[in-house]
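Have a look at upload.cif below; it lists mmCIF, C-alpha atoms.
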```cif
data_run
#
loop_
_atom_site.label_atom_id
_atom_site.label_comp_id
_atom_site.auth_asym_id
_atom_site.auth_seq_id
_atom_site.Cartn_x
_atom_site.Cartn_y
_atom_site.Cartn_z
CA MET A 273 72.65 87.63 116.41
CA HIS A 274 72.66 83.83 116.62
CA ASP A 275 75.89 81.94 117.30
CA ASN A 276 75.94 80.55 113.75
CA ASP A 277 75.44 83.98 112.13
CA VAL A 278 78.50 85.61 110.56
CA ASN A 279 79.60 88.88 112.06
CA PRO A 280 81.58 90.57 109.24
CA LEU A 281 83.66 92.67 111.62
CA LYS A 282 84.71 89.51 113.55
CA LEU A 283 85.50 87.92 110.20
CA VAL A 284 87.75 90.87 109.38
CA SER A 285 89.66 90.27 112.61
CA LYS A 286 89.98 86.50 112.07
CA LEU A 287 91.29 86.98 108.54
CA GLY A 288 93.79 89.60 109.67
CA LEU A 289 92.28 92.22 107.36
CA ASN A 290 91.74 95.89 108.06
CA ARG A 291 88.44 97.47 107.08
CA ARG A 292 89.78 98.81 103.82
CA GLN A 293 91.02 95.37 102.76
CA PHE A 294 87.74 93.79 103.79
CA PHE A 295 85.61 96.24 101.84
CA ALA A 296 87.92 95.96 98.85
CA ALA A 297 87.31 92.21 98.87
CA THR A 298 83.54 92.56 99.02
CA THR A 299 82.71 95.36 96.60
CA GLY A 300 80.13 94.97 93.86
CA MET A 301 80.38 94.94 90.10
CA ALA A 302 80.51 98.74 89.80
CA ALA A 303 83.64 98.90 91.90
CA ALA A 304 85.19 96.06 89.95
CA VAL A 305 84.65 97.90 86.70
CA ALA A 306 86.19 101.05 88.16
CA MET A 307 89.20 99.12 89.45
CA THR A 308 89.66 97.48 86.06
CA GLY A 309 89.78 100.90 84.47
CA ALA A 310 92.30 102.11 87.03
CA ALA A 311 94.51 99.07 86.43
CA ALA A 312 94.44 99.73 82.69
CA ALA A 313 95.47 103.32 83.28
CA GLN A 314 98.39 102.18 85.42
CA ALA A 315 99.45 99.70 82.80
CA ALA A 316 99.49 102.35 80.08
CA PRO A 317 99.47 105.74 81.79
CA GLY A 318 98.79 108.74 79.62
CA ALA A 319 97.88 106.68 76.57
CA ASN A 320 97.44 108.75 73.40
CA GLY A 321 98.96 111.78 75.09
CA VAL A 322 96.31 112.00 77.79
CA LEU A 323 97.89 113.68 80.81
CA ILE A 324 95.13 112.83 83.28
CA PRO A 325 93.80 109.30 82.58
CA ALA A 326 90.04 108.93 82.95
CA PRO A 327 90.16 106.86 86.19
CA ARG A 328 92.27 109.60 87.85
CA ARG A 329 90.08 112.61 87.13
CA GLY A 330 88.91 113.74 90.54
CA ILE A 331 87.27 116.54 92.50
CA ILE A 332 87.40 117.66 96.10
CA LEU A 333 83.90 118.19 97.43
CA TYR A 334 84.85 121.53 98.97
CA THR A 335 84.35 122.84 95.43
CA VAL A 336 80.67 121.88 95.56
CA ARG A 337 80.16 122.41 99.29
CA ASP A 338 77.06 124.53 98.61
CA ALA A 339 75.42 121.58 96.85
CA VAL A 340 76.38 119.10 99.58
CA SER A 341 74.95 121.37 102.28
CA ARG A 342 71.79 122.66 100.61
CA ASN A 343 68.36 121.51 101.71
CA PRO A 344 66.83 118.89 99.39
CA LEU A 345 63.37 119.90 100.61
CA THR A 346 63.71 123.42 99.24
CA SER A 347 66.15 123.13 96.31
CA PRO A 348 65.44 121.72 92.83
CA TYR A 349 69.14 120.97 92.37
CA ALA A 350 71.30 118.06 93.49
CA SER A 351 71.82 118.24 97.23
CA GLY A 352 73.51 116.06 99.82
CA PHE A 353 76.20 113.47 99.21
CA LYS A 354 74.15 110.90 97.32
CA GLU A 355 72.66 113.28 94.76
CA VAL A 356 75.86 115.29 94.31
CA LEU A 357 77.97 112.16 93.87
CA THR A 358 75.44 110.84 91.36
CA GLU A 359 75.75 113.99 89.27
CA LEU A 360 79.54 114.09 89.51
CA SER A 361 79.71 110.46 88.40
CA SER A 362 77.47 111.20 85.42
CA ILE A 363 79.82 114.05 84.44
CA GLY A 364 82.68 111.55 84.38
CA TYR A 365 84.58 112.07 87.64
CA ARG A 366 85.95 108.87 89.10
CA GLN A 367 87.87 110.05 92.17
CA ILE A 368 86.51 111.92 95.17
CA GLU A 369 88.32 113.80 97.90
CA PHE A 370 86.13 114.69 100.83
CA ALA A 371 86.23 117.92 102.80
CA GLY A 372 84.51 116.56 105.88
CA LEU A 373 81.66 114.06 106.12
CA THR A 374 78.71 116.29 107.00
CA GLN A 375 75.79 117.35 104.82
CA ASN A 376 72.36 118.88 105.12
CA ALA A 377 70.36 117.15 107.84
CA ASN A 378 67.47 116.51 105.44
CA SER A 379 69.64 114.60 102.99
CA GLU A 380 69.58 110.81 102.91
CA GLY A 381 71.76 109.47 105.73
CA GLY A 382 71.34 112.53 107.95
CA ALA A 383 73.72 115.32 108.83
CA ASN A 384 76.76 113.39 110.03
CA LEU A 385 78.25 110.46 108.14
CA ASN A 386 81.49 110.48 110.12
CA THR A 387 80.62 107.21 111.84
CA VAL A 388 81.05 103.54 110.96
CA GLU A 389 77.41 103.35 109.91
CA GLY A 390 77.49 106.61 107.99
CA ALA A 391 80.71 105.75 106.20
CA THR A 392 79.36 102.30 105.29
CA LEU A 393 76.31 103.93 103.70
CA LEU A 394 78.48 106.46 101.90
CA ARG A 395 80.75 103.68 100.64
CA SER A 396 77.77 101.87 99.16
CA TRP A 397 76.89 104.97 97.13
CA LEU A 398 80.48 105.34 95.93
CA ASP A 399 80.58 101.71 94.81
CA ASP A 400 77.22 101.92 93.06
CA LEU A 401 78.38 105.00 91.16
CA GLY A 402 81.82 103.65 90.21
CA LEU A 403 83.58 106.26 92.35
CA GLN A 404 86.79 105.88 94.36
CA ALA A 405 87.38 107.87 97.53
CA GLU A 406 91.01 109.01 97.58
CA GLY A 407 91.35 111.27 100.61
CA ASN A 408 89.73 113.60 103.11
CA HIS A 409 90.66 116.97 104.53
CA GLY A 410 90.42 116.04 108.18
CA SER A 411 92.95 116.93 110.84
CA VAL A 412 96.21 115.64 112.24
CA PRO A 413 96.40 115.93 116.05
CA SER A 414 98.53 118.79 117.33
CA THR A 415 99.90 116.64 120.15
CA ILE A 416 100.63 112.97 120.77
CA THR A 417 98.34 111.78 123.55
CA ASP A 418 96.40 108.57 124.12
CA ALA A 419 93.14 110.36 123.34
CA ASN A 420 94.50 111.89 120.13
CA ILE A 421 95.99 108.59 119.00
CA ALA A 422 92.63 106.90 119.53
CA ALA A 423 90.84 109.65 117.58
CA PHE A 424 93.33 109.37 114.74
CA ASP A 425 92.92 105.58 114.62
CA THR A 426 89.15 106.05 114.39
CA ALA A 427 89.61 108.48 111.49
CA CYS A 428 91.78 105.88 109.76
CA GLU A 429 89.10 103.25 110.29
CA ILE A 430 86.51 105.53 108.68
CA ALA A 431 88.91 106.18 105.79
CA ASN A 432 89.32 102.45 105.28
CA ILE A 433 85.58 101.88 105.24
CA LEU A 434 85.34 104.52 102.52
CA GLY A 435 88.11 102.78 100.57
CA MET A 436 90.57 105.66 100.68
CA GLY A 437 94.22 105.28 99.85
CA HIS A 438 95.13 108.52 101.65
CA ILE A 439 94.18 110.48 104.72
CA GLY A 440 95.12 114.11 105.18
CA THR A 441 94.55 117.63 106.27
CA GLY A 442 93.90 120.94 104.57
CA SER A 443 96.33 122.90 106.73
CA ASP A 444 100.10 123.19 107.20
CA PRO A 445 101.94 121.04 109.75
CA THR A 446 102.62 124.34 111.54
CA SER A 447 101.98 127.99 110.77
CA SER A 448 105.31 129.02 112.30
CA ALA A 449 108.20 130.56 110.35
CA TYR A 450 110.79 129.11 112.75
CA VAL A 451 112.85 125.99 112.13
CA ALA A 452 112.43 124.59 115.65
CA ASP A 453 108.64 124.49 115.21
CA TRP A 454 108.97 122.76 111.85
CA GLU A 455 111.30 120.18 113.37
CA ALA A 456 108.74 119.47 116.10
CA ALA A 457 106.00 119.21 113.47
CA ALA A 458 108.10 116.81 111.42
CA ALA A 459 108.54 114.51 114.42
CA ARG A 460 104.80 114.56 115.12
CA TRP A 461 103.94 113.85 111.48
CA ASP A 462 106.40 110.98 111.36
CA PHE A 463 104.59 109.47 114.33
CA TYR A 464 101.12 109.80 112.85
CA GLY A 465 102.35 108.95 109.36
CA GLU A 466 103.73 105.66 110.60
CA ARG A 467 100.43 105.02 112.34
CA ALA A 468 98.50 105.75 109.13
CA SER A 469 100.78 103.30 107.32
CA ARG A 470 99.71 100.58 109.77
CA HIS A 471 96.16 101.19 108.54
CA GLY A 472 97.27 100.91 104.91
CA LEU A 473 96.96 104.68 104.33
CA LYS A 474 99.26 107.47 103.18
CA LEU A 475 99.16 110.56 105.40
CA TYR A 476 99.35 113.83 103.45
CA THR A 477 99.43 117.55 104.10
CA HIS A 478 97.82 120.08 101.76
CA ASN A 479 99.34 123.55 101.69
CA HIS A 480 98.80 127.11 100.54
CA ASP A 481 101.48 129.58 99.48
CA ILE A 482 102.83 130.43 102.95
CA ALA A 483 104.26 126.92 103.36
CA TYR A 484 106.57 127.67 100.43
CA SER A 485 107.92 130.85 102.04
CA PHE A 486 111.37 130.95 103.63
CA LEU A 487 112.23 129.66 107.09
CA LEU A 488 113.67 132.03 109.66
CA ASP A 489 116.58 129.86 110.73
CA SER A 490 119.71 132.02 110.99
CA GLY A 491 121.16 135.48 111.56
CA PRO A 492 120.71 137.80 114.56
CA LEU A 493 118.15 136.81 117.19
CA ASP A 494 115.17 138.92 118.18
CA ALA A 495 114.21 139.86 121.74
CA ASN A 496 112.65 136.41 122.20
CA GLY A 497 115.77 134.60 121.07
CA ARG A 498 114.38 133.67 117.65
CA PRO A 499 116.31 133.97 114.37
CA THR A 500 115.43 136.88 112.10
CA ARG A 501 117.03 135.83 108.81
CA SER A 502 117.01 132.85 106.46
CA SER A 503 119.44 130.38 104.95
CA GLY A 504 117.15 130.26 101.90
CA ILE A 505 115.38 127.00 102.78
CA ARG A 506 111.62 127.04 102.29
CA ARG A 507 109.36 125.67 105.01
CA LEU A 508 108.10 122.64 103.10
CA GLU A 509 111.56 121.88 101.76
CA HIS A 510 112.71 121.49 105.35
CA PHE A 511 109.63 119.40 106.16
CA LEU A 512 110.28 117.05 103.24
CA ALA A 513 113.92 116.65 104.19
CA ASN A 514 113.09 115.84 107.81
CA THR A 515 110.17 113.44 107.50
CA ASP A 516 110.14 109.78 106.52
CA PRO A 517 109.22 109.37 102.82
CA LYS A 518 107.66 106.01 103.65
CA HIS A 519 105.07 107.60 105.93
CA VAL A 520 104.59 111.29 105.13
CA TYR A 521 103.28 112.64 101.82
CA LEU A 522 102.12 115.92 100.29
CA GLU A 523 99.25 117.12 98.16
CA MET A 524 100.45 120.09 96.17
CA ASP A 525 97.80 122.69 95.43
CA ILE A 526 99.16 123.77 92.08
CA TYR A 527 97.38 127.14 92.17
CA TRP A 528 98.81 128.09 95.57
CA ALA A 529 102.24 126.85 94.52
CA HIS A 530 102.11 129.32 91.62
CA VAL A 531 100.97 132.04 94.01
CA ALA A 532 104.08 131.22 96.06
CA GLN A 533 106.17 131.57 92.92
CA TYR A 534 104.73 135.08 92.54
CA LYS A 535 104.90 136.17 96.19
CA HIS A 536 107.88 134.50 97.84
CA LYS A 537 110.83 135.49 95.68
CA THR A 538 113.38 136.93 98.10
CA TYR A 539 114.80 136.38 101.57
CA THR A 540 117.21 138.19 103.86
CA ALA A 541 120.40 136.14 104.15
CA PRO A 542 122.44 135.82 107.38
CA ASP A 543 124.75 138.64 106.26
CA GLY A 544 121.78 140.99 105.74
CA SER A 545 121.80 140.89 101.94
CA VAL A 546 118.55 140.34 100.03
CA VAL A 547 118.71 137.24 97.84
CA THR A 548 116.37 136.39 94.98
CA SER A 549 115.33 132.74 94.75
CA LEU A 550 112.51 131.83 92.39
CA PHE A 551 110.23 128.95 93.34
CA ASP A 552 109.69 126.19 90.78
CA PRO A 553 106.65 124.06 91.74
CA ALA A 554 107.17 121.35 89.13
CA ALA A 555 110.84 120.93 90.05
CA VAL A 556 109.93 120.38 93.72
CA VAL A 557 107.59 117.54 92.72
CA ALA A 558 109.93 116.06 90.11
CA ALA A 559 112.72 115.73 92.68
CA GLN A 560 110.61 113.20 94.62
CA THR A 561 107.45 112.69 92.63
CA ASN A 562 106.25 109.67 94.63
CA ARG A 563 105.83 111.89 97.70
CA PHE A 564 103.11 113.85 95.89
CA PRO A 565 100.40 111.24 95.23
CA LEU A 566 97.68 113.91 95.13
CA PHE A 567 97.33 117.32 93.49
CA HIS A 568 94.74 120.02 93.72
CA ALA A 569 94.28 120.84 90.06
CA LYS A 570 93.19 124.41 90.70
CA ASP A 571 93.53 126.96 87.92
CA GLY A 572 93.99 130.72 88.03
CA LYS A 573 94.17 133.77 85.80
CA ILE A 574 97.14 136.09 86.22
CA ASP A 575 96.06 139.35 87.87
CA THR A 576 98.90 141.37 89.33
CA THR A 577 96.45 143.89 90.78
CA GLN A 578 95.73 141.21 93.39
CA ALA A 579 98.04 140.37 96.30
CA ASN A 580 98.26 136.75 95.18
CA GLY A 581 99.03 137.57 91.55
CA TYR A 582 96.22 135.26 90.41
CA VAL A 583 92.46 134.89 90.71
CA MET A 584 90.84 131.46 90.67
CA ALA A 585 89.24 130.11 87.50
CA PRO A 586 87.62 126.89 86.27
CA PHE A 587 90.15 124.31 85.13
CA GLY A 588 91.39 125.09 81.65
CA GLN A 589 90.24 128.71 81.76
CA GLY A 590 93.26 130.04 83.66
CA ASP A 591 96.88 130.79 82.83
CA ILE A 592 98.60 127.93 84.66
CA ASP A 593 100.34 125.72 82.11
CA TYR A 594 99.08 122.33 83.25
CA SER A 595 100.38 120.48 80.20
CA THR A 596 103.95 121.53 80.93
CA PHE A 597 103.56 121.04 84.68
CA LEU A 598 102.27 117.47 84.38
CA ARG A 599 104.93 116.56 81.83
CA ARG A 600 107.70 117.91 84.07
CA VAL A 601 106.72 116.22 87.35
CA GLY A 602 107.43 112.67 86.14
CA ALA A 603 105.51 109.43 86.67
CA LYS A 604 103.10 110.43 83.93
CA GLY A 605 99.50 109.49 84.65
CA SER A 606 100.20 108.17 88.15
CA HIS A 607 99.16 111.20 90.24
CA ASN A 608 95.63 111.90 91.41
CA PRO A 609 94.58 115.45 90.41
CA MET A 610 91.52 116.71 92.27
CA TRP A 611 89.85 119.71 90.67
CA GLU A 612 89.18 122.48 93.16
CA MET A 613 87.90 126.02 92.91
CA ASP A 614 87.28 127.76 96.22
CA THR A 615 85.01 130.31 94.54
CA ALA A 616 82.93 127.85 92.50
CA PRO A 617 79.73 128.23 94.55
CA GLY A 618 77.66 131.01 93.04
CA ASN A 619 75.11 133.43 94.34
CA ALA A 620 72.17 131.44 95.73
CA THR A 621 69.74 133.66 93.81
CA THR A 622 71.48 134.44 90.52
CA ALA A 623 73.68 131.36 90.05
CA PRO A 624 72.32 128.68 92.40
CA ASN A 625 73.89 125.71 90.58
CA GLN A 626 77.14 127.32 89.47
CA SER A 627 79.50 124.95 91.28
CA MET A 628 77.99 121.90 89.59
CA GLU A 629 77.98 123.62 86.20
CA LEU A 630 81.64 124.57 86.56
CA SER A 631 82.37 120.98 87.59
CA LYS A 632 81.25 119.89 84.12
CA VAL A 633 83.33 122.59 82.41
CA SER A 634 86.42 121.68 84.42
CA TYR A 635 86.01 117.95 83.90
CA ASP A 636 85.80 118.41 80.14
CA ASN A 637 88.98 120.49 80.17
CA MET A 638 90.79 117.94 82.32
CA ALA A 639 89.77 115.22 79.88
CA ALA A 640 90.98 117.27 76.91
CA LEU A 641 94.43 117.94 78.39
CA ARG A 642 97.20 116.49 76.24
CA GLY A 643 100.95 116.56 76.45
#
```

Could you quickly redo this structure as structure tokens?
Amino acid sequence: MHDNDVNPLKLVSKLGLNRRQFFAATTGMAAAVAMTGAAAAQAAPGANGVLIPAPRRGIILYTVRDAVSRNPLTSPYASGFKEVLTELSSIGYRQIEFAGLTQNANSEGGANLNTVEGATLLRSWLDDLGLQAEGNHGSVPSTITDANIAAFDTACEIANILGMGHIGTGSDPTSSAYVADWEAAAARWDFYGERASRHGLKLYTHNHDIAYSFLLDSGPLDANGRPTRSSGIRRLEHFLANTDPKHVYLEMDIYWAHVAQYKHKTYTAPDGSVVTSLFDPAAVVAAQTNRFPLFHAKDGKIDTTQANGYVMAPFGQGDIDYSTFLRRVGAKGSHNPMWEMDTAPGNATTAPNQSMELSKVSYDNMAALRG
């Protein structure tokens, strides 16, 4: 590079911009159109009774992981990020949540796009297709060390290149049932959440039903000195109460929250009595709706022969009352619902393109949702 050539990364530094701000300032016409649509939705959220405005209809790519990972040299269907994103955009999706940044090695860009170069290429596809990256199920370091801080900062840089507003993880802050472990996790998440905020990102945790079970925080101690009974506080309730709302956010998986409603109904109180306490997912969100910028809009059919009480279904084909849920949580039209169905990928022989087909079905039902 000659001395009079412009190095865009040096320009970012001179202007005091982070990567996300820089890329936001230099996107093409497709991104501008998408942003105009998003601004309109914010100005008049839920117009005409629409509960999920068009610019906020999203999908997490875990749903179509079979398509992202299949070999384009041997499959007649969309494969790899570029082709899958193209098809999802044509269906109507406008928001994307990633579940890692790897794809089939024969896809354009190669196997690993979790680099500055790979993310820059991926961002160009998103912009061309009018898509907005909203988050990624990565990881939050389990300890605070110089090496882990550096790795987290790199992940934030990649997120900014992709244009994300959020960075997160698909697992609980801790798998423990004990309050001391949740307090330690809260301190660690506050640290990394503040660091994400420096990068212009919101750090979020995505949870399954166990995170809505009851803490063991009182009563007699076991042989290891740990409490055996509960005060009735649920794990994530404690986490919310003990983390900074400016830096730590949640992505409620609405399906798993309803599984929690079915499974986690009682606890043993300090006096040994069994207390019934029914979980209300929408009420948890409504109490502090701004802390739940993202949802997994996962649907399920009631099936009490199953341990979870539900089996997964395409959006709109289950029994979860999304119209009532989205009306109850407040801030109508401001959340970012990502459709997910863990079981969407079909049999490679009998239903090789099922996940993409169900993506169309679920998008149409999201678009039709009124309240």

- prompt: Of the residues A:His568, A:Lys632, A:Lys518, A:His536, which is the one nearest to Ser361 in chain A, using all atoms listed in the file?
  reply: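 The closest residue to Ser361 in chain A is A:Lys632.
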
task: Could you expand the PyMOL selection byres ((chain A and resi 608) around 9) into the explicit residues it covers here, written as a list in words?
output: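 Residues picked by the PyMOL selection byres ((chain A and resi 608) around 9): Ile324, Arg328, Arg329, Gly330, Gln367, Glu406, Phe564, Pro565, Leu566, Phe567, His568, Gly605, Ser606, His607, Pro609 and Met610 of chain A.
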
I'd like the box whose edges run along x, y and z of the file and which contains every listed atom of range 409-418 of chain A, padded by 3 Å per side; could you state its centre and edge lengths in Å, one decimal, as AutoDock Vina command-line options?
```
--center_x 95.5 --center_y 113.7 --center_z 114.3 --size_x 16.2 --size_y 16.2 --size_z 25.6
```

query: Suppose you want the space between CA of Thr621 in chain A and CA of Asn343 in chain A; what is it in Å?
result: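 So the answer is 14.6 Å.
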
field: Protein and nucleic acid residues near (92.3, 122.6, 104.7) (cut-off 10 Å, only C-alpha atoms) as a PyMOL selection string
entry: chain A and resi 334+371-372+408-411+440-444+477-480
